[in-house]
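For reference, coords_1.txt (compact mmCIF, C-alpha atoms):
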```
# COMPACT_ATOMS: atom_id res chain seq x y z
CA LEU K 1 -67.68 71.25 39.18
CA SER K 2 -64.43 73.17 39.06
CA ARG K 3 -62.54 69.97 38.37
CA TYR K 4 -64.28 69.62 34.99
CA LEU K 5 -63.04 73.03 33.91
CA ILE K 6 -59.58 72.25 35.27
CA GLN K 7 -59.47 68.91 33.49
CA TYR K 8 -60.75 70.49 30.29
CA SER K 9 -57.95 73.08 30.43
CA LYS K 10 -55.37 70.31 30.94
CA ASP K 11 -56.79 68.15 28.15
CA ASN K 12 -56.97 71.13 25.77
CA PRO K 13 -53.88 73.27 26.47
CA SER K 14 -54.14 75.11 23.15
CA THR K 15 -57.63 76.34 24.09
CA PHE K 16 -56.35 78.66 26.79
CA ASN K 17 -53.65 81.08 25.72
CA LYS K 18 -51.58 81.08 28.92
CA ASP K 19 -48.41 82.43 27.33
CA GLN K 20 -49.48 86.00 26.70
CA ASN K 21 -47.78 88.14 29.32
CA ASN K 22 -50.65 90.52 29.94
CA SER K 23 -53.58 88.14 29.42
CA ILE K 24 -55.52 87.06 32.50
CA PHE K 25 -58.39 84.85 33.59
CA LEU K 26 -61.19 86.30 35.72
CA GLU K 27 -62.94 83.81 37.97
CA ILE K 28 -66.28 85.02 39.28
CA GLY K 29 -68.29 83.54 42.15
CA ALA K 30 -65.20 81.64 43.27
CA GLY K 31 -66.35 80.45 46.70
CA THR K 32 -63.21 78.69 47.96
CA GLY K 33 -61.05 79.68 44.98
CA PHE K 34 -60.27 76.08 44.02
CA LEU K 35 -60.71 76.68 40.29
CA GLY K 36 -58.57 79.83 40.15
CA ILE K 37 -55.85 78.39 42.38
CA SER K 38 -55.68 75.27 40.21
CA MET K 39 -55.54 77.37 37.04
CA GLY K 40 -52.74 79.44 38.62
CA SER K 41 -50.77 76.32 39.49
CA ASN K 42 -51.19 75.27 35.84
CA GLY K 43 -49.44 78.45 34.67
CA CYS K 44 -52.32 80.89 34.25
CA LYS K 45 -52.60 84.44 35.52
CA VAL K 46 -55.88 84.57 37.44
CA VAL K 47 -57.87 87.16 39.34
CA ILE K 48 -60.14 85.21 41.68
CA THR K 49 -63.26 87.08 42.80
CA ASP K 50 -66.34 86.63 44.90
CA GLY K 51 -68.97 89.04 46.16
CA GLU K 52 -69.05 87.69 49.70
CA LEU K 53 -66.40 89.12 52.05
CA LYS K 54 -66.18 85.81 53.96
CA CYS K 55 -65.43 84.00 50.70
CA VAL K 56 -62.79 86.57 49.72
CA GLU K 57 -61.02 86.04 53.06
CA LEU K 58 -61.25 82.25 52.66
CA ILE K 59 -59.84 82.48 49.13
CA LYS K 60 -56.92 84.59 50.38
CA GLN K 61 -56.16 81.95 53.01
CA ASN K 62 -56.37 79.17 50.41
CA VAL K 63 -54.04 81.05 48.04
CA LYS K 64 -51.54 81.50 50.88
CA ILE K 65 -51.72 77.77 51.73
CA ASN K 66 -51.16 76.86 48.05
CA GLN K 67 -48.60 79.54 47.22
CA ASP K 68 -45.83 76.96 46.73
CA LYS K 69 -47.88 75.32 43.95
CA ILE K 70 -48.42 78.65 42.18
CA LEU K 71 -44.98 80.32 42.46
CA GLY K 72 -42.92 80.11 39.31
CA LYS K 73 -45.87 78.85 37.28
CA GLY K 74 -48.73 81.32 37.35
CA CYS K 75 -50.01 84.30 39.25
CA VAL K 76 -53.09 84.58 41.45
CA GLU K 77 -54.73 87.71 42.87
CA VAL K 78 -57.88 87.88 44.97
CA GLU K 79 -60.46 90.63 45.22
CA ARG K 80 -64.11 91.28 45.90
CA LEU K 81 -66.38 91.72 42.90
CA LEU K 82 -70.14 92.03 43.06
CA TRP K 83 -71.81 91.02 39.83
CA SER K 84 -73.33 93.92 37.95
CA TYR K 85 -72.78 95.68 34.66
CA GLU K 86 -71.23 98.70 36.40
CA ASN K 87 -68.87 96.66 38.59
CA GLY K 88 -67.85 94.47 35.67
CA ASP K 89 -67.22 97.45 33.40
CA SER K 90 -65.18 99.15 36.13
CA PHE K 91 -63.14 95.97 36.70
CA PHE K 92 -62.29 95.59 33.00
CA LYS K 93 -61.29 99.27 32.70
CA LYS K 94 -59.08 98.95 35.79
CA GLU K 95 -57.32 95.91 34.32
CA LYS K 96 -56.71 97.82 31.08
CA GLU K 97 -55.15 100.68 33.09
CA LYS K 98 -52.81 98.10 34.63
CA GLY K 99 -51.79 97.08 31.11
CA ARG K 100 -53.51 93.72 31.38
CA ARG K 101 -56.13 92.10 29.18
CA VAL K 102 -58.91 89.90 30.55
CA GLN K 103 -59.21 87.17 27.94
CA TYR K 104 -61.25 84.57 29.81
CA LEU K 105 -64.09 84.73 32.29
CA ILE K 106 -64.48 81.42 34.13
CA GLY K 107 -66.84 80.13 36.77
CA SER K 108 -68.42 77.02 38.18
CA ASP K 109 -71.70 76.41 39.95
CA LEU K 110 -72.83 79.99 39.44
CA PHE K 111 -76.51 79.25 38.81
CA TRP K 112 -77.83 77.83 42.06
CA ASP K 113 -80.85 80.13 41.92
CA TYR K 114 -82.64 81.89 39.08
CA ARG K 115 -81.87 85.25 40.76
CA THR K 116 -78.14 84.75 40.10
CA VAL K 117 -78.74 84.51 36.36
CA GLY K 118 -79.52 88.20 35.87
CA HIS K 119 -76.35 89.25 37.68
CA PHE K 120 -74.27 86.85 35.58
CA VAL K 121 -75.83 88.20 32.38
CA GLU K 122 -74.91 91.73 33.49
CA MET K 123 -71.27 90.60 33.88
CA ALA K 124 -71.44 88.88 30.48
CA LYS K 125 -72.74 92.10 28.93
CA ALA K 126 -69.91 94.14 30.46
CA PHE K 127 -67.33 91.53 29.38
CA GLY K 128 -68.73 91.46 25.85
CA GLU K 129 -68.63 95.24 25.51
CA TYR K 130 -65.07 95.22 26.87
CA GLY K 131 -64.12 92.60 24.25
CA LEU K 132 -65.65 94.67 21.46
CA ARG K 133 -63.98 97.89 22.66
CA GLU K 134 -60.59 96.22 22.90
CA GLU K 135 -61.12 94.11 19.77
CA ALA K 136 -60.16 91.12 21.90
CA ALA K 137 -61.12 87.49 21.37
CA VAL K 138 -62.71 87.02 24.77
CA GLU K 139 -64.35 83.79 25.91
CA MET K 140 -66.28 82.48 28.90
CA TYR K 141 -66.16 78.93 30.25
CA ILE K 142 -68.94 78.14 32.69
CA ALA K 143 -69.75 74.82 34.39
CA TRP K 144 -72.84 74.12 36.43
CA GLN K 145 -74.91 71.30 37.75
CA ARG K 146 -78.40 71.06 36.33
CA ARG K 147 -80.75 71.43 39.28
CA ASP K 148 -83.65 73.40 37.91
CA ARG K 149 -84.71 73.75 34.29
CA VAL K 150 -86.28 77.13 35.08
CA VAL K 151 -82.82 78.51 35.89
CA GLU K 152 -81.50 77.30 32.53
CA LYS K 153 -84.50 78.70 30.68
CA VAL K 154 -83.98 82.11 32.28
CA LEU K 155 -80.24 81.97 31.47
CA TRP K 156 -80.73 81.17 27.78
CA GLU K 157 -83.50 83.73 27.35
CA GLN K 158 -81.44 86.50 28.91
CA MET K 159 -78.26 85.56 27.04
CA GLN K 160 -80.18 85.57 23.73
CA GLU K 161 -81.32 89.11 24.46
CA LEU K 162 -77.68 90.25 24.60
CA LYS K 163 -77.06 89.04 21.02
CA SER K 164 -73.32 89.39 21.61
CA TRP K 165 -72.52 85.82 22.67
CA ALA K 166 -72.69 82.46 20.94
CA TRP K 167 -72.36 79.30 23.01
CA GLU K 168 -71.85 75.60 22.70
CA GLU K 169 -71.72 72.72 25.11
CA VAL K 170 -68.15 71.54 25.55
CA ASP K 171 -67.28 67.93 24.91
CA VAL K 172 -65.63 66.89 28.15
CA GLY K 173 -64.21 63.75 26.63
CA ALA K 174 -65.19 60.12 26.63
CA LEU K 175 -63.54 59.33 29.96
CA GLN K 176 -65.63 61.86 31.84
CA GLN K 177 -68.85 61.62 29.83
CA ASP K 178 -70.59 59.06 32.06
CA LEU K 179 -69.69 60.91 35.25
CA VAL K 180 -70.83 64.23 33.83
CA LYS K 181 -74.16 62.84 32.62
CA ALA K 182 -74.78 61.02 35.89
CA ASN K 183 -74.36 64.25 37.82
CA ASN K 184 -76.18 66.48 35.31
CA ILE K 185 -73.09 68.63 34.82
CA LEU K 186 -72.96 71.08 31.96
CA LEU K 187 -69.86 72.84 30.65
CA PHE K 188 -70.36 75.63 28.13
CA LYS K 189 -68.04 77.79 26.11
CA PHE K 190 -69.29 81.28 25.25
CA VAL K 191 -67.64 83.16 22.37
CA LEU K 192 -68.09 86.83 21.61
CA VAL K 193 -69.93 87.45 18.33
CA VAL K 194 -68.43 90.26 16.28
CA GLU K 195 -70.79 91.70 13.70
CA GLU K 196 -69.18 93.08 10.57
```
For the file at hand, write its structure as structure tokens.
Amino acid sequence: LSRYLIQYSKDNPSTFNKDQNNSIFLEIGAGTGFLGISMGSNGCKVVITDGELKCVELIKQNVKINQDKILGKGCVEVERLLWSYENGDSFFKKEKEKGRRVQYLIGSDLFWDYRTVGHFVEMAKAFGEYGLREEAAVEMYIAWQRRDRVVEKVLWEQMQELKSWAWEEVDVGALQQDLVKANNILLFKFVLVVEE
């Protein structure tokens, strides 16, 4: 699933503002870190996170193995982050203290169980409030494989309750369309809604 986000970023370079010195990507639920490492090797500044300590150690090893692909192009950091409103809010405040701005939250295959949806929505809430506080144009790009319609129903219901995000399915391009449909892969862009 990560490869769809990676390909989308390559096909749409103007979508992701990689040139801002203090602007970073936050990958959540990274697993192996493939997405964040690839984004780093494409010139992005990425903080790759996962809640599982074993995954965090694996990601660190994978970053070390791929360091030659990242050096001189982007920057990758790894840390543990459990999904919750409090942890998300704390993370965004810490990044601000470092003089950095989280502009994008990215993730793939985050919704393997309906119980993960609530934790993701908590992170989305914290990220949205951060964006409003900082008056930043923050976005989320999330890819997942459709396995269970109940999970999607729970996601959309909980996101609608936040009222701070608008979303649209991303057109992954004609070349990938058949592959995406065959595998029930969804890629969504979430944009912060600013009420005037």
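Using only C-alpha atoms, the smallest distance between any of K:Glu157, K:Glu168, K:Glu95, K:Glu134 and Val117 of chain K comes from K:Glu157.
Taking only C-alpha atoms into account, Lys96 of chain K lies nearest to K:Gly131 out of the set K:Gly131, K:Gly118, K:Gly72, K:Gly43.
Note that the spacing between atom CA of Val46 of chain K and atom CA of Leu162 of chain K amounts to 25.9 Å.
The gap separating atom CA of Ile37 of chain K from atom CA of Val63 of chain K is 6.5 Å, in Å to one decimal.
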For Leu82 of chain K, which residue out of K:Lys69, K:His119, K:Lys189, K:Lys125 is the nearest one, using all atoms listed in the file? K:His119
Give as an mmCIF file with C-alpha atoms, keeping the file's coordinate frame every residue, naming chains and numbers as the document does, that has an atom within 12 Å of (-65.3, 80.7, 25.5), counting all atoms listed in the file.
```cif
data_model
loop_
_atom_site.group_PDB
_atom_site.id
_atom_site.type_symbol
_atom_site.label_atom_id
_atom_site.label_comp_id
_atom_site.auth_asym_id
_atom_site.auth_seq_id
_atom_site.Cartn_x
_atom_site.Cartn_y
_atom_site.Cartn_z
ATOM 1 C CA LEU K 5 -63.040 73.030 33.910
ATOM 2 C CA SER K 9 -57.950 73.080 30.430
ATOM 3 C CA THR K 15 -57.630 76.340 24.090
ATOM 4 C CA PHE K 16 -56.350 78.660 26.790
ATOM 5 C CA ASN K 17 -53.650 81.080 25.720
ATOM 6 C CA PHE K 25 -58.390 84.850 33.590
ATOM 7 C CA GLN K 103 -59.210 87.170 27.940
ATOM 8 C CA TYR K 104 -61.250 84.570 29.810
ATOM 9 C CA LEU K 105 -64.090 84.730 32.290
ATOM 10 C CA ILE K 106 -64.480 81.420 34.130
ATOM 11 C CA GLY K 107 -66.840 80.130 36.770
ATOM 12 C CA ALA K 124 -71.440 88.880 30.480
ATOM 13 C CA PHE K 127 -67.330 91.530 29.380
ATOM 14 C CA GLY K 128 -68.730 91.460 25.850
ATOM 15 C CA ALA K 137 -61.120 87.490 21.370
ATOM 16 C CA VAL K 138 -62.710 87.020 24.770
ATOM 17 C CA GLU K 139 -64.350 83.790 25.910
ATOM 18 C CA MET K 140 -66.280 82.480 28.900
ATOM 19 C CA TYR K 141 -66.160 78.930 30.250
ATOM 20 C CA ILE K 142 -68.940 78.140 32.690
ATOM 21 C CA ALA K 143 -69.750 74.820 34.390
ATOM 22 C CA TRP K 165 -72.520 85.820 22.670
ATOM 23 C CA ALA K 166 -72.690 82.460 20.940
ATOM 24 C CA TRP K 167 -72.360 79.300 23.010
ATOM 25 C CA GLU K 168 -71.850 75.600 22.700
ATOM 26 C CA GLU K 169 -71.720 72.720 25.110
ATOM 27 C CA VAL K 170 -68.150 71.540 25.550
ATOM 28 C CA LEU K 187 -69.860 72.840 30.650
ATOM 29 C CA PHE K 188 -70.360 75.630 28.130
ATOM 30 C CA LYS K 189 -68.040 77.790 26.110
ATOM 31 C CA PHE K 190 -69.290 81.280 25.250
ATOM 32 C CA VAL K 191 -67.640 83.160 22.370
ATOM 33 C CA LEU K 192 -68.090 86.830 21.610
ATOM 34 C CA VAL K 193 -69.930 87.450 18.330
#
```
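Those residues positioned at most 8 Å from (-58.4, 85.6, 39.7) are Ile24, Phe25, Leu26, Glu27, Ile28, Gly36, Lys45, Val46, Val47, Ile48, Thr49, Val76, Glu77, Val78 and Glu79 of chain K, judged using only C-alpha atoms.
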Extract segment 28-49 of chain K from the preceding block and save N, CA, C and O atoms as a PDB file, in the first residue's frame.
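Saved as selection_17.pdb:
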```pdb
ATOM      1  N   ILE K  28       2.579   7.698  10.600  1.00  0.00           N
ATOM      2  CA  ILE K  28       2.100   6.966  11.773  1.00  0.00           C
ATOM      3  C   ILE K  28       1.858   5.511  11.387  1.00  0.00           C
ATOM      4  O   ILE K  28       1.603   5.201  10.227  1.00  0.00           O
ATOM      5  N   GLY K  29       1.974   4.616  12.380  1.00  0.00           N
ATOM      6  CA  GLY K  29       1.732   3.197  12.132  1.00  0.00           C
ATOM      7  C   GLY K  29       2.638   2.645  11.054  1.00  0.00           C
ATOM      8  O   GLY K  29       2.204   1.898  10.181  1.00  0.00           O
ATOM      9  N   ALA K  30       3.919   2.978  11.109  1.00  0.00           N
ATOM     10  CA  ALA K  30       4.841   2.739   9.998  1.00  0.00           C
ATOM     11  C   ALA K  30       5.209   1.281   9.758  1.00  0.00           C
ATOM     12  O   ALA K  30       5.579   0.930   8.645  1.00  0.00           O
ATOM     13  N   GLY K  31       5.136   0.446  10.770  1.00  0.00           N
ATOM     14  CA  GLY K  31       5.506  -0.968  10.573  1.00  0.00           C
ATOM     15  C   GLY K  31       6.973  -1.135  10.273  1.00  0.00           C
ATOM     16  O   GLY K  31       7.807  -1.098  11.159  1.00  0.00           O
ATOM     17  N   THR K  32       7.333  -1.279   9.002  1.00  0.00           N
ATOM     18  CA  THR K  32       8.742  -1.441   8.606  1.00  0.00           C
ATOM     19  C   THR K  32       9.406  -0.109   8.284  1.00  0.00           C
ATOM     20  O   THR K  32      10.625  -0.039   8.172  1.00  0.00           O
ATOM     21  N   GLY K  33       8.604   0.937   8.072  1.00  0.00           N
ATOM     22  CA  GLY K  33       9.149   2.245   7.737  1.00  0.00           C
ATOM     23  C   GLY K  33       9.364   2.463   6.254  1.00  0.00           C
ATOM     24  O   GLY K  33       9.938   3.475   5.842  1.00  0.00           O
ATOM     25  N   PHE K  34       8.891   1.553   5.423  1.00  0.00           N
ATOM     26  CA  PHE K  34       9.118   1.625   3.979  1.00  0.00           C
ATOM     27  C   PHE K  34       8.648   2.952   3.390  1.00  0.00           C
ATOM     28  O   PHE K  34       9.362   3.599   2.617  1.00  0.00           O
ATOM     29  N   LEU K  35       7.443   3.384   3.760  1.00  0.00           N
ATOM     30  CA  LEU K  35       6.896   4.627   3.224  1.00  0.00           C
ATOM     31  C   LEU K  35       7.772   5.816   3.603  1.00  0.00           C
ATOM     32  O   LEU K  35       8.192   6.598   2.751  1.00  0.00           O
ATOM     33  N   GLY K  36       8.068   5.968   4.873  1.00  0.00           N
ATOM     34  CA  GLY K  36       8.862   7.107   5.340  1.00  0.00           C
ATOM     35  C   GLY K  36      10.274   7.113   4.783  1.00  0.00           C
ATOM     36  O   GLY K  36      10.805   8.173   4.426  1.00  0.00           O
ATOM     37  N   ILE K  37      10.889   5.943   4.702  1.00  0.00           N
ATOM     38  CA  ILE K  37      12.238   5.853   4.141  1.00  0.00           C
ATOM     39  C   ILE K  37      12.214   6.252   2.672  1.00  0.00           C
ATOM     40  O   ILE K  37      13.080   7.005   2.197  1.00  0.00           O
ATOM     41  N   SER K  38      11.219   5.784   1.940  1.00  0.00           N
ATOM     42  CA  SER K  38      11.097   6.149   0.526  1.00  0.00           C
ATOM     43  C   SER K  38      10.846   7.639   0.359  1.00  0.00           C
ATOM     44  O   SER K  38      11.425   8.275  -0.526  1.00  0.00           O
ATOM     45  N   MET K  39      10.003   8.213   1.203  1.00  0.00           N
ATOM     46  CA  MET K  39       9.748   9.647   1.134  1.00  0.00           C
ATOM     47  C   MET K  39      11.030  10.419   1.454  1.00  0.00           C
ATOM     48  O   MET K  39      11.329  11.424   0.815  1.00  0.00           O
ATOM     49  N   GLY K  40      11.802   9.944   2.430  1.00  0.00           N
ATOM     50  CA  GLY K  40      13.078  10.575   2.767  1.00  0.00           C
ATOM     51  C   GLY K  40      14.065  10.515   1.613  1.00  0.00           C
ATOM     52  O   GLY K  40      14.764  11.487   1.323  1.00  0.00           O
ATOM     53  N   SER K  41      14.105   9.387   0.924  1.00  0.00           N
ATOM     54  CA  SER K  41      15.023   9.266  -0.216  1.00  0.00           C
ATOM     55  C   SER K  41      14.548  10.093  -1.409  1.00  0.00           C
ATOM     56  O   SER K  41      15.328  10.354  -2.323  1.00  0.00           O
ATOM     57  N   ASN K  42      13.280  10.540  -1.366  1.00  0.00           N
ATOM     58  CA  ASN K  42      12.755  11.436  -2.405  1.00  0.00           C
ATOM     59  C   ASN K  42      12.891  12.909  -2.016  1.00  0.00           C
ATOM     60  O   ASN K  42      12.327  13.774  -2.674  1.00  0.00           O
ATOM     61  N   GLY K  43      13.596  13.185  -0.923  1.00  0.00           N
ATOM     62  CA  GLY K  43      13.867  14.566  -0.544  1.00  0.00           C
ATOM     63  C   GLY K  43      13.020  15.137   0.570  1.00  0.00           C
ATOM     64  O   GLY K  43      13.133  16.324   0.890  1.00  0.00           O
ATOM     65  N   CYS K  44      12.188  14.342   1.193  1.00  0.00           N
ATOM     66  CA  CYS K  44      11.319  14.825   2.266  1.00  0.00           C
ATOM     67  C   CYS K  44      12.002  14.699   3.627  1.00  0.00           C
ATOM     68  O   CYS K  44      12.874  13.862   3.823  1.00  0.00           O
ATOM     69  N   LYS K  45      11.543  15.515   4.555  1.00  0.00           N
ATOM     70  CA  LYS K  45      11.943  15.383   5.956  1.00  0.00           C
ATOM     71  C   LYS K  45      10.808  14.633   6.648  1.00  0.00           C
ATOM     72  O   LYS K  45       9.681  15.102   6.668  1.00  0.00           O
ATOM     73  N   VAL K  46      11.124  13.463   7.205  1.00  0.00           N
ATOM     74  CA  VAL K  46      10.098  12.574   7.724  1.00  0.00           C
ATOM     75  C   VAL K  46      10.428  12.133   9.149  1.00  0.00           C
ATOM     76  O   VAL K  46      11.572  11.803   9.451  1.00  0.00           O
ATOM     77  N   VAL K  47       9.408  12.133   9.996  1.00  0.00           N
ATOM     78  CA  VAL K  47       9.502  11.471  11.296  1.00  0.00           C
ATOM     79  C   VAL K  47       8.639  10.226  11.171  1.00  0.00           C
ATOM     80  O   VAL K  47       7.428  10.311  10.973  1.00  0.00           O
ATOM     81  N   ILE K  48       9.297   9.068  11.250  1.00  0.00           N
ATOM     82  CA  ILE K  48       8.605   7.784  11.109  1.00  0.00           C
ATOM     83  C   ILE K  48       8.283   7.279  12.504  1.00  0.00           C
ATOM     84  O   ILE K  48       9.166   7.195  13.361  1.00  0.00           O
ATOM     85  N   THR K  49       7.008   6.920  12.725  1.00  0.00           N
ATOM     86  CA  THR K  49       6.603   6.478  14.063  1.00  0.00           C
ATOM     87  C   THR K  49       5.803   5.180  14.003  1.00  0.00           C
ATOM     88  O   THR K  49       5.175   4.861  12.997  1.00  0.00           O
TER      89      THR K  49
END
```
